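J.: One file is attached below, upload.cif, containing mmCIF, C-alpha atoms.
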```cif
data_input
#
loop_
_atom_site.group_PDB
_atom_site.id
_atom_site.type_symbol
_atom_site.label_atom_id
_atom_site.label_comp_id
_atom_site.auth_asym_id
_atom_site.auth_seq_id
_atom_site.Cartn_x
_atom_site.Cartn_y
_atom_site.Cartn_z
ATOM 1 C CA MET A 460 -17.843 46.801 -0.524
ATOM 2 C CA LYS A 461 -15.342 44.833 -2.524
ATOM 3 C CA ALA A 462 -11.992 43.342 -1.782
ATOM 4 C CA ARG A 463 -9.446 42.216 -4.279
ATOM 5 C CA VAL A 464 -6.986 39.521 -3.264
ATOM 6 C CA TYR A 465 -3.779 39.030 -5.224
ATOM 7 C CA VAL A 466 -2.177 35.633 -4.821
ATOM 8 C CA MET A 467 1.344 35.132 -6.149
ATOM 9 C CA LEU A 468 3.919 32.387 -5.775
ATOM 10 C CA LYS A 469 6.536 33.386 -3.239
ATOM 11 C CA ASP A 470 9.867 34.635 -4.472
ATOM 12 C CA GLY A 471 12.175 31.679 -4.796
ATOM 13 C CA VAL A 472 9.377 29.282 -5.744
ATOM 14 C CA LEU A 473 9.805 28.385 -9.404
ATOM 15 C CA ASP A 474 6.850 29.352 -11.580
ATOM 16 C CA PRO A 475 6.860 27.042 -14.614
ATOM 17 C CA GLN A 476 3.683 28.621 -16.015
ATOM 18 C CA GLY A 477 5.160 32.108 -15.866
ATOM 19 C CA GLU A 478 8.283 30.759 -17.519
ATOM 20 C CA ALA A 479 6.204 29.251 -20.346
ATOM 21 C CA VAL A 480 4.456 32.601 -20.852
ATOM 22 C CA ARG A 481 7.819 34.389 -20.961
ATOM 23 C CA HIS A 482 9.030 31.924 -23.570
ATOM 24 C CA ALA A 483 5.867 32.379 -25.664
ATOM 25 C CA LEU A 484 6.234 36.167 -25.582
ATOM 26 C CA GLY A 485 9.760 35.766 -26.893
ATOM 27 C CA THR A 486 8.483 33.497 -29.665
ATOM 28 C CA LEU A 487 5.983 36.200 -30.633
ATOM 29 C CA GLY A 488 8.883 38.600 -31.067
ATOM 30 C CA PHE A 489 8.519 40.644 -27.886
ATOM 31 C CA GLY A 490 12.059 41.319 -26.802
ATOM 32 C CA GLY A 491 13.216 42.319 -23.372
ATOM 33 C CA VAL A 492 10.794 40.266 -21.268
ATOM 34 C CA GLU A 493 13.199 39.116 -18.597
ATOM 35 C CA GLY A 494 10.751 37.369 -16.319
ATOM 36 C CA VAL A 495 7.067 36.513 -15.936
ATOM 37 C CA ARG A 496 5.309 35.514 -12.744
ATOM 38 C CA GLN A 497 1.726 34.353 -13.006
ATOM 39 C CA GLY A 498 -0.747 34.619 -10.145
ATOM 40 C CA LYS A 499 -4.427 34.920 -9.325
ATOM 41 C CA VAL A 500 -6.766 37.770 -8.620
ATOM 42 C CA ILE A 501 -9.789 36.939 -6.491
ATOM 43 C CA GLU A 502 -12.576 39.502 -6.156
ATOM 44 C CA LEU A 503 -14.832 39.324 -3.132
ATOM 45 C CA ASP A 504 -18.199 41.035 -2.731
ATOM 46 C CA LEU A 505 -18.432 41.696 0.971
ATOM 47 C CA ALA A 506 -21.037 42.975 3.390
ATOM 48 C CA GLU A 507 -20.310 46.562 4.422
ATOM 49 C CA GLY A 508 -18.064 46.732 7.436
ATOM 50 C CA THR A 509 -16.184 43.479 6.766
ATOM 51 C CA SER A 510 -12.731 44.048 8.175
ATOM 52 C CA GLU A 511 -9.468 43.669 6.325
ATOM 53 C CA GLU A 512 -8.486 41.300 9.123
ATOM 54 C CA ALA A 513 -11.358 39.013 8.165
ATOM 55 C CA VAL A 514 -10.219 38.985 4.538
ATOM 56 C CA LYS A 515 -6.678 38.168 5.631
ATOM 57 C CA GLU A 516 -8.045 35.257 7.634
ATOM 58 C CA MET A 517 -9.821 34.031 4.478
ATOM 59 C CA CYS A 518 -6.483 34.192 2.687
ATOM 60 C CA GLU A 519 -4.686 32.270 5.418
ATOM 61 C CA LYS A 520 -7.330 29.572 5.651
ATOM 62 C CA LEU A 521 -8.273 29.064 2.028
ATOM 63 C CA LEU A 522 -7.509 31.594 -0.681
ATOM 64 C CA ALA A 523 -3.731 31.223 -0.529
ATOM 65 C CA ASN A 524 -1.513 28.301 0.380
ATOM 66 C CA THR A 525 1.102 30.112 2.417
ATOM 67 C CA VAL A 526 3.588 27.274 1.980
ATOM 68 C CA ILE A 527 4.108 28.429 -1.603
ATOM 69 C CA GLU A 528 2.073 31.615 -2.036
ATOM 70 C CA ARG A 529 1.912 35.154 -0.676
ATOM 71 C CA TYR A 530 -1.097 37.417 -0.865
ATOM 72 C CA ASP A 531 -2.011 41.089 -0.869
ATOM 73 C CA VAL A 532 -5.424 42.433 0.041
ATOM 74 C CA GLU A 533 -6.863 45.564 -1.528
ATOM 75 C CA ILE A 534 -10.097 46.905 -0.071
ATOM 76 C CA ALA A 535 -12.017 48.907 -2.672
ATOM 77 C CA MET B 803 -8.447 -4.164 9.742
ATOM 78 C CA ARG B 804 -11.262 -1.678 9.204
ATOM 79 C CA ALA B 805 -10.843 0.925 6.495
ATOM 80 C CA ALA B 806 -12.733 3.845 5.033
ATOM 81 C CA VAL B 807 -12.294 5.405 1.596
ATOM 82 C CA ILE B 808 -13.337 9.039 1.324
ATOM 83 C CA GLN B 809 -15.328 10.178 -1.708
ATOM 84 C CA PHE B 810 -15.323 13.775 -2.885
ATOM 85 C CA PRO B 811 -17.108 15.036 -5.977
ATOM 86 C CA GLY B 812 -14.473 14.341 -8.623
ATOM 87 C CA SER B 813 -12.731 11.469 -6.852
ATOM 88 C CA ASN B 814 -12.026 8.770 -9.427
ATOM 89 C CA CYS B 815 -9.718 6.292 -7.719
ATOM 90 C CA ASP B 816 -12.044 5.600 -4.795
ATOM 91 C CA ARG B 817 -13.214 2.276 -6.175
ATOM 92 C CA ASP B 818 -9.677 1.097 -6.986
ATOM 93 C CA MET B 819 -8.593 2.056 -3.489
ATOM 94 C CA ALA B 820 -11.506 0.147 -1.957
ATOM 95 C CA VAL B 821 -10.634 -2.938 -4.036
ATOM 96 C CA ALA B 822 -7.031 -2.751 -2.837
ATOM 97 C CA LEU B 823 -8.068 -2.487 0.806
ATOM 98 C CA LYS B 824 -10.674 -5.255 0.477
ATOM 99 C CA GLN B 825 -8.047 -7.631 -0.877
ATOM 100 C CA VAL B 826 -6.239 -7.536 2.440
ATOM 101 C CA ALA B 827 -9.003 -6.587 4.880
ATOM 102 C CA GLY B 828 -11.983 -8.484 3.477
ATOM 103 C CA ASN B 829 -15.086 -7.174 1.772
ATOM 104 C CA GLY B 830 -17.038 -6.309 4.894
ATOM 105 C CA GLN B 831 -14.240 -4.244 6.384
ATOM 106 C CA VAL B 832 -14.086 -1.389 3.892
ATOM 107 C CA GLU B 833 -16.617 1.427 3.742
ATOM 108 C CA THR B 834 -16.878 4.479 1.568
ATOM 109 C CA VAL B 835 -17.555 7.785 3.270
ATOM 110 C CA TRP B 836 -19.045 10.841 1.583
ATOM 111 C CA HIS B 837 -17.319 14.201 1.990
ATOM 112 C CA LYS B 838 -20.344 15.836 3.608
ATOM 113 C CA ASP B 839 -20.321 13.385 6.501
ATOM 114 C CA HIS B 840 -19.020 14.898 9.700
ATOM 115 C CA ASP B 841 -17.923 11.666 11.321
ATOM 116 C CA LEU B 842 -15.895 8.642 10.337
ATOM 117 C CA PRO B 843 -17.262 5.172 11.183
ATOM 118 C CA ASP B 844 -16.286 3.889 14.627
ATOM 119 C CA GLY B 845 -13.431 1.468 15.047
ATOM 120 C CA LEU B 846 -11.490 2.439 11.953
ATOM 121 C CA ASP B 847 -7.834 1.527 11.546
ATOM 122 C CA ILE B 848 -7.145 3.397 8.336
ATOM 123 C CA VAL B 849 -8.620 6.169 6.232
ATOM 124 C CA ALA B 850 -7.698 6.367 2.560
ATOM 125 C CA VAL B 851 -8.007 9.603 0.622
ATOM 126 C CA PRO B 852 -8.095 8.552 -3.029
ATOM 127 C CA GLY B 853 -6.928 10.108 -6.252
ATOM 128 C CA GLY B 854 -9.014 12.135 -8.650
ATOM 129 C CA PHE B 855 -9.873 15.763 -9.158
ATOM 130 C CA SER B 856 -11.852 16.683 -6.061
ATOM 131 C CA PHE B 857 -14.030 19.731 -6.679
ATOM 132 C CA GLY B 858 -12.561 20.032 -10.155
ATOM 133 C CA ASP B 859 -9.201 21.140 -8.716
ATOM 134 C CA TYR B 860 -10.784 24.576 -8.248
ATOM 135 C CA LEU B 861 -8.623 27.180 -6.505
ATOM 136 C CA ARG B 862 -5.785 24.693 -5.881
ATOM 137 C CA CYS B 863 -5.703 20.901 -6.078
ATOM 138 C CA GLY B 864 -7.155 19.561 -2.841
ATOM 139 C CA ALA B 865 -7.869 22.989 -1.337
ATOM 140 C CA ILE B 866 -11.656 22.751 -1.281
ATOM 141 C CA ALA B 867 -11.689 19.105 -0.214
ATOM 142 C CA ALA B 868 -9.427 20.026 2.698
ATOM 143 C CA GLN B 869 -12.195 22.318 4.003
ATOM 144 C CA SER B 870 -14.975 19.710 3.692
ATOM 145 C CA PRO B 871 -16.717 18.414 6.838
ATOM 146 C CA ILE B 872 -15.049 15.004 6.644
ATOM 147 C CA ALA B 873 -11.582 16.575 6.387
ATOM 148 C CA ARG B 874 -11.833 17.780 9.973
ATOM 149 C CA ALA B 875 -12.716 14.251 11.072
ATOM 150 C CA ILE B 876 -9.716 12.888 9.162
ATOM 151 C CA VAL B 877 -7.386 15.383 10.870
ATOM 152 C CA ASP B 878 -8.763 14.391 14.283
ATOM 153 C CA PHE B 879 -8.404 10.706 13.404
ATOM 154 C CA ALA B 880 -4.766 11.235 12.380
ATOM 155 C CA LYS B 881 -4.046 13.201 15.554
ATOM 156 C CA ARG B 882 -5.369 10.271 17.586
ATOM 157 C CA GLY B 883 -2.758 8.079 15.859
ATOM 158 C CA GLY B 884 -4.923 6.631 13.083
ATOM 159 C CA TYR B 885 -3.366 5.562 9.796
ATOM 160 C CA VAL B 886 -4.113 7.794 6.815
ATOM 161 C CA LEU B 887 -3.102 7.054 3.217
ATOM 162 C CA GLY B 888 -3.383 9.818 0.621
ATOM 163 C CA VAL B 889 -2.658 8.953 -2.998
ATOM 164 C CA CYS B 890 -2.317 11.538 -5.771
ATOM 165 C CA ASN B 891 -5.181 13.985 -5.175
ATOM 166 C CA GLY B 892 -5.344 12.446 -1.704
ATOM 167 C CA PHE B 893 -1.739 13.551 -1.111
ATOM 168 C CA GLN B 894 -2.669 17.045 -2.284
ATOM 169 C CA VAL B 895 -5.625 17.064 0.121
ATOM 170 C CA LEU B 896 -3.423 15.962 3.037
ATOM 171 C CA THR B 897 -0.906 18.750 2.415
ATOM 172 C CA GLU B 898 -3.756 21.265 2.214
ATOM 173 C CA THR B 899 -5.097 20.084 5.587
ATOM 174 C CA GLY B 900 -1.621 20.484 7.076
ATOM 175 C CA LEU B 901 -1.358 16.802 8.021
ATOM 176 C CA LEU B 902 1.670 16.600 5.743
ATOM 177 C CA PRO B 903 4.147 19.426 5.099
ATOM 178 C CA GLY B 904 4.843 21.101 1.764
ATOM 179 C CA ALA B 905 2.683 21.511 -1.328
ATOM 180 C CA LEU B 906 2.162 19.927 -4.728
ATOM 181 C CA MET B 907 2.672 22.361 -7.580
ATOM 182 C CA ARG B 908 2.123 22.233 -11.345
ATOM 183 C CA ASN B 909 4.564 19.785 -12.988
ATOM 184 C CA ALA B 910 7.768 21.589 -13.923
ATOM 185 C CA ASN B 911 7.372 20.743 -17.617
ATOM 186 C CA LEU B 912 3.668 21.767 -17.439
ATOM 187 C CA LYS B 913 2.614 18.420 -18.900
ATOM 188 C CA PHE B 914 0.173 15.912 -17.472
ATOM 189 C CA VAL B 915 2.261 12.816 -16.830
ATOM 190 C CA CYS B 916 0.615 9.399 -17.081
ATOM 191 C CA LYS B 917 2.949 6.387 -17.092
ATOM 192 C CA PRO B 918 4.547 3.756 -14.878
ATOM 193 C CA VAL B 919 7.489 5.191 -12.933
ATOM 194 C CA ALA B 920 10.290 3.555 -10.981
ATOM 195 C CA LEU B 921 10.590 4.512 -7.325
ATOM 196 C CA THR B 922 13.045 3.647 -4.615
ATOM 197 C CA VAL B 923 11.654 2.692 -1.248
ATOM 198 C CA GLU B 924 13.552 5.084 1.009
ATOM 199 C CA THR B 925 12.385 3.814 4.364
ATOM 200 C CA THR B 926 10.883 0.591 5.602
ATOM 201 C CA ASP B 927 10.175 2.135 8.991
ATOM 202 C CA SER B 928 6.442 2.664 8.505
ATOM 203 C CA GLY B 929 3.257 0.643 8.525
ATOM 204 C CA PHE B 930 2.980 1.251 4.785
ATOM 205 C CA THR B 931 6.448 0.207 3.662
ATOM 206 C CA SER B 932 7.594 -2.433 6.166
ATOM 207 C CA GLY B 933 7.102 -5.212 3.606
ATOM 208 C CA TYR B 934 9.651 -3.763 1.203
ATOM 209 C CA GLY B 935 13.422 -3.815 1.393
ATOM 210 C CA LYS B 936 15.191 -0.501 1.962
ATOM 211 C CA GLY B 937 16.373 0.819 -1.375
ATOM 212 C CA GLN B 938 14.173 -1.613 -3.295
ATOM 213 C CA VAL B 939 13.054 -0.276 -6.680
ATOM 214 C CA VAL B 940 9.335 -0.632 -7.372
ATOM 215 C CA THR B 941 7.113 0.526 -10.215
ATOM 216 C CA TYR B 942 3.783 2.281 -9.715
ATOM 217 C CA PRO B 943 1.788 4.292 -12.251
ATOM 218 C CA VAL B 944 1.555 8.066 -11.936
ATOM 219 C CA ALA B 945 -1.215 10.187 -13.499
ATOM 220 C CA HIS B 946 -1.086 13.820 -12.478
ATOM 221 C CA HIS B 947 -0.646 17.410 -13.582
ATOM 222 C CA ASP B 948 0.269 18.791 -10.171
ATOM 223 C CA GLY B 949 2.731 16.439 -8.540
ATOM 224 C CA ASN B 950 5.725 18.717 -8.241
ATOM 225 C CA TYR B 951 6.538 18.462 -4.540
ATOM 226 C CA PHE B 952 7.736 21.642 -2.923
ATOM 227 C CA ALA B 953 8.857 22.358 0.614
ATOM 228 C CA ASP B 954 11.385 24.914 1.804
ATOM 229 C CA ASP B 955 15.026 23.978 2.433
ATOM 230 C CA ASP B 956 14.521 23.537 6.170
ATOM 231 C CA MET B 957 11.595 21.173 5.689
ATOM 232 C CA ILE B 958 13.391 19.125 3.027
ATOM 233 C CA ALA B 959 16.371 18.773 5.386
ATOM 234 C CA ARG B 960 14.056 17.801 8.210
ATOM 235 C CA LEU B 961 12.205 15.179 6.133
ATOM 236 C CA ASN B 962 15.541 13.632 5.202
ATOM 237 C CA ALA B 963 16.978 13.815 8.715
ATOM 238 C CA GLU B 964 13.872 12.219 10.210
ATOM 239 C CA ASP B 965 13.759 9.440 7.585
ATOM 240 C CA ARG B 966 10.337 10.634 6.450
ATOM 241 C CA VAL B 967 10.851 10.397 2.692
ATOM 242 C CA ALA B 968 9.020 7.157 1.911
ATOM 243 C CA PHE B 969 9.565 7.022 -1.863
ATOM 244 C CA ARG B 970 11.823 8.813 -4.328
ATOM 245 C CA TYR B 971 11.573 8.890 -8.127
ATOM 246 C CA VAL B 972 14.410 7.166 -9.944
ATOM 247 C CA ASP B 973 13.802 9.476 -12.923
ATOM 248 C CA ASN B 974 11.963 12.566 -11.658
ATOM 249 C CA PRO B 975 8.869 13.078 -13.882
ATOM 250 C CA ASN B 976 7.530 16.333 -12.422
ATOM 251 C CA GLY B 977 10.279 18.468 -10.907
ATOM 252 C CA SER B 978 9.689 17.457 -7.293
ATOM 253 C CA ARG B 979 12.348 18.734 -4.927
ATOM 254 C CA ASP B 980 14.856 16.087 -3.948
ATOM 255 C CA ASP B 981 13.003 13.603 -6.239
ATOM 256 C CA ILE B 982 10.409 13.176 -3.501
ATOM 257 C CA ALA B 983 7.441 11.000 -4.480
ATOM 258 C CA GLY B 984 5.976 10.325 -1.041
ATOM 259 C CA ILE B 985 6.423 11.442 2.558
ATOM 260 C CA LEU B 986 5.423 10.407 6.048
ATOM 261 C CA SER B 987 4.058 12.431 8.935
ATOM 262 C CA GLU B 988 6.054 12.926 12.105
ATOM 263 C CA ASN B 989 4.361 9.929 13.772
ATOM 264 C CA ARG B 990 4.910 7.914 10.542
ATOM 265 C CA ARG B 991 1.224 6.997 10.325
ATOM 266 C CA VAL B 992 0.213 9.385 7.566
ATOM 267 C CA LEU B 993 1.610 8.656 4.099
ATOM 268 C CA GLY B 994 1.054 10.854 1.068
ATOM 269 C CA LEU B 995 2.387 9.925 -2.344
ATOM 270 C CA MET B 996 1.701 10.869 -5.947
ATOM 271 C CA PRO B 997 2.183 7.415 -7.552
ATOM 272 C CA HIS B 998 -0.667 4.915 -7.271
ATOM 273 C CA PRO B 999 0.080 1.678 -5.387
ATOM 274 C CA GLU B 1000 -3.577 0.664 -5.824
ATOM 275 C CA ARG B 1001 -3.033 0.589 -9.568
ATOM 276 C CA ALA B 1002 -0.191 -1.928 -9.281
ATOM 277 C CA LEU B 1003 -2.094 -4.615 -7.452
ATOM 278 C CA GLU B 1004 -2.881 -7.456 -9.825
ATOM 279 C CA THR B 1005 -0.979 -9.108 -12.651
ATOM 280 C CA ALA B 1006 -3.533 -7.586 -15.038
ATOM 281 C CA HIS B 1007 -2.239 -4.151 -13.973
ATOM 282 C CA GLY B 1008 1.201 -4.975 -15.331
ATOM 283 C CA ASN B 1009 2.826 -5.524 -11.964
ATOM 284 C CA THR B 1010 1.908 -6.146 -8.349
ATOM 285 C CA ASP B 1011 4.481 -3.942 -6.603
ATOM 286 C CA GLY B 1012 1.811 -1.819 -4.916
ATOM 287 C CA ALA B 1013 0.141 -4.743 -3.163
ATOM 288 C CA VAL B 1014 2.941 -4.728 -0.588
ATOM 289 C CA VAL B 1015 1.696 -1.390 0.805
ATOM 290 C CA PHE B 1016 -1.646 -2.930 1.673
ATOM 291 C CA ARG B 1017 -0.173 -6.155 3.002
ATOM 292 C CA SER B 1018 2.217 -4.111 5.152
ATOM 293 C CA LEU B 1019 -0.767 -2.227 6.581
ATOM 294 C CA LEU B 1020 -2.501 -5.475 7.474
ATOM 295 C CA ASP B 1021 0.648 -6.612 9.300
ATOM 296 C CA ALA B 1022 0.869 -3.268 11.113
ATOM 297 C CA MET B 1023 -2.713 -3.631 12.331
ATOM 298 C CA ALA B 1024 -2.080 -7.211 13.466
ATOM 299 C CA ILE B 1025 0.801 -6.003 15.639
ATOM 300 C CA ALA B 1026 -1.213 -3.050 16.986
#
```
Mind turning the file's structure into structure tokens?
T.:
Amino acid sequence: MKARVYVMLKDGVLDPQGEAVRHALGTLGFGGVEGVRQGKVIELDLAEGTSEEAVKEMCEKLLANTVIERYDVEIA
Amino acid sequence: MRAAVIQFPGSNCDRDMAVALKQVAGNGQVETVWHKDHDLPDGLDIVAVPGGFSFGDYLRCGAIAAQSPIARAIVDFAKRGGYVLGVCNGFQVLTETGLLPGALMRNANLKFVCKPVALTVETTDSGFTSGYGKGQVVTYPVAHHDGNYFADDDMIARLNAEDRVAFRYVDNPNGSRDDIAGILSENRRVLGLMPHPERALETAHGNTDGAVVFRSLLDAMAIA
């Protein structure tokens, strides 16, 4: 089984990289991009039967820094 | 004073840190400790977590180092009241272990910043800063890409209320909230800061402002 973990900066935490991407898109002539937030996707190959709870614990302990980041887990 | 300097793969200020500690403690009193060790040497007074790019800054700066075997020993040492100094990547590691609050994010202007910066000493109530005057302006070098200190409003208010901001930037180089360059733990024995006091130690470095941190530590140990 696979799990996909999405890690994003929390709302309210400034994302200078996303802002730079937004600016670059504007420079390329793409209008109407009002905001960009950049995050990470982490794919995990897991032994069958690994619980979503276990993946959430991985997020809490390592994959995300919950001071600045939030995460979503998708079990595929 | 007995000190240990932690080495992770990718640490690059470990030797400078050891030199700084040896200047005040003496050559025989400073050991280096590898990240895979589970235990710190007995009888330590201070552990220094040096700058660098531990584990290539993979995942987040300091995140992997904070899960290494020695990190657990450092947390235990701090909880027993030991002194811990984290500089640059060391500061990032200490926030990732939870010994210090907040996080260090990518610099607001996205640029790696490498230059001497002026700092104000915000508190002299710590074993690291007792040798300075309150409000004194000192210059240390910074060299980092991820030194943008973030903590939520409540934590920033708490750090200020508890006099736990050790250093503030005079001219903020990285977007840190409240111009914070370095903070203390609740028991005031853990200091994390982005600028490098160990690189402002000898006249050949350009200035000797950082030497006071190490001399202050020696005084703190003499009292304890």
J.: Just so the selection is clear, what residues does the PyMOL selection byres ((chain A) within 9 of (chain B)) cover here, as a PDB file with C-alpha atoms, keeping the file's coordinate frame?
T.:
```pdb
ATOM      1  CA  VAL A 472       9.377  29.282  -5.744  1.00  0.00           C
ATOM      2  CA  LEU A 473       9.805  28.385  -9.404  1.00  0.00           C
ATOM      3  CA  ASP A 474       6.850  29.352 -11.580  1.00  0.00           C
ATOM      4  CA  PRO A 475       6.860  27.042 -14.614  1.00  0.00           C
ATOM      5  CA  GLN A 476       3.683  28.621 -16.015  1.00  0.00           C
ATOM      6  CA  ALA A 479       6.204  29.251 -20.346  1.00  0.00           C
ATOM      7  CA  LYS A 520      -7.330  29.572   5.651  1.00  0.00           C
ATOM      8  CA  LEU A 521      -8.273  29.064   2.028  1.00  0.00           C
ATOM      9  CA  LEU A 522      -7.509  31.594  -0.681  1.00  0.00           C
ATOM     10  CA  ALA A 523      -3.731  31.223  -0.529  1.00  0.00           C
ATOM     11  CA  ASN A 524      -1.513  28.301   0.380  1.00  0.00           C
ATOM     12  CA  VAL A 526       3.588  27.274   1.980  1.00  0.00           C
ATOM     13  CA  ILE A 527       4.108  28.429  -1.603  1.00  0.00           C
TER      14      ILE A 527
END
```
J.: Given the choices A:Val514, A:Arg529, A:Gly488, A:Glu507, which gets closest to Met460 of chain A if the distance is worked out from only C-alpha atoms?
T.: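 Looking only at the distances to Met460 of chain A, the closest residue turns out to be A:Glu507.
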J.: So that I can check the surroundings of Gly508 of chain A, please list as a ChimeraX atom specification every protein, DNA and RNA residue that reaches within 12 Å of it, counting all atoms listed in the file and ignoring chain neighbours fewer than 3 positions away.
T.: /A:460-462,504-505,511-514,534-535
J.: What's the separation between atom CA of Gly854 of chain B and atom CA of Thr1005 of chain B, in Å to one decimal place?
T.: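 According to the coordinates, atom CA of Gly854 of chain B and atom CA of Thr1005 of chain B are separated by 23.1 Å.
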J.: Would you mind reading off the distance between atom CA of Asn814 of chain B and atom CA of Gly984 of chain B, one decimal, in Å?
T.: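 Rounded to one decimal, the two atoms are 19.9 Å apart.
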J.: So how many Å separate atom CA of Gly498 of chain A and atom CA of Gly858 of chain B, to one decimal?
T.: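 These two atoms are separated by 18.8 Å.
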J.: Return as lines of an AutoDock Vina configuration file the box centre and box size in Å, one decimal, for an axis-aligned box around all listed atoms of segment 466-471 of chain A padded by 3 Å per side.
T.:
```
center_x = 5.0
center_y = 33.7
center_z = -4.7
size_x = 20.4
size_y = 10.0
size_z = 8.9
```
J.: Which residues, named as in the file, does the PyMOL selection byres ((chain B and resi 839) around 12) pick out? Answer as a PyMOL selection string.
T.: chain B and resi 808-810+834-838+840-843+870-876
J.: Would you pick out the contacts of Ile501 of chain A at 7 Å or less, using all atoms listed in the file, so that residues sharing its chain but fewer than 6 positions from it are not included, and give the list as a list in words?
T.: Arg463, Val464 and Tyr465 of chain A
J.: Write out as a VMD selection string the residues lying within 10 Å of Cys815 of chain B, counting all atoms listed in the file and excluding same-chain residues fewer than 5 positions away.
T.: chain B and resid 807 809 820 to 821 851 to 855 889 to 892 998 1000 to 1001
J.: Okay, now the selection with C-alpha atoms, as a tab-separated table (two decimals), in the frame of the given file?
T.:
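Saved the output as selection_11.tsv:
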```tsv
chain	number	residue	atom	x	y	z
B	807	VAL	CA	-12.29	5.40	1.60
B	809	GLN	CA	-15.33	10.18	-1.71
B	820	ALA	CA	-11.51	0.15	-1.96
B	821	VAL	CA	-10.63	-2.94	-4.04
B	851	VAL	CA	-8.01	9.60	0.62
B	852	PRO	CA	-8.10	8.55	-3.03
B	853	GLY	CA	-6.93	10.11	-6.25
B	854	GLY	CA	-9.01	12.14	-8.65
B	855	PHE	CA	-9.87	15.76	-9.16
B	889	VAL	CA	-2.66	8.95	-3.00
B	890	CYS	CA	-2.32	11.54	-5.77
B	891	ASN	CA	-5.18	13.98	-5.18
B	892	GLY	CA	-5.34	12.45	-1.70
B	998	HIS	CA	-0.67	4.92	-7.27
B	1000	GLU	CA	-3.58	0.66	-5.82
B	1001	ARG	CA	-3.03	0.59	-9.57
```
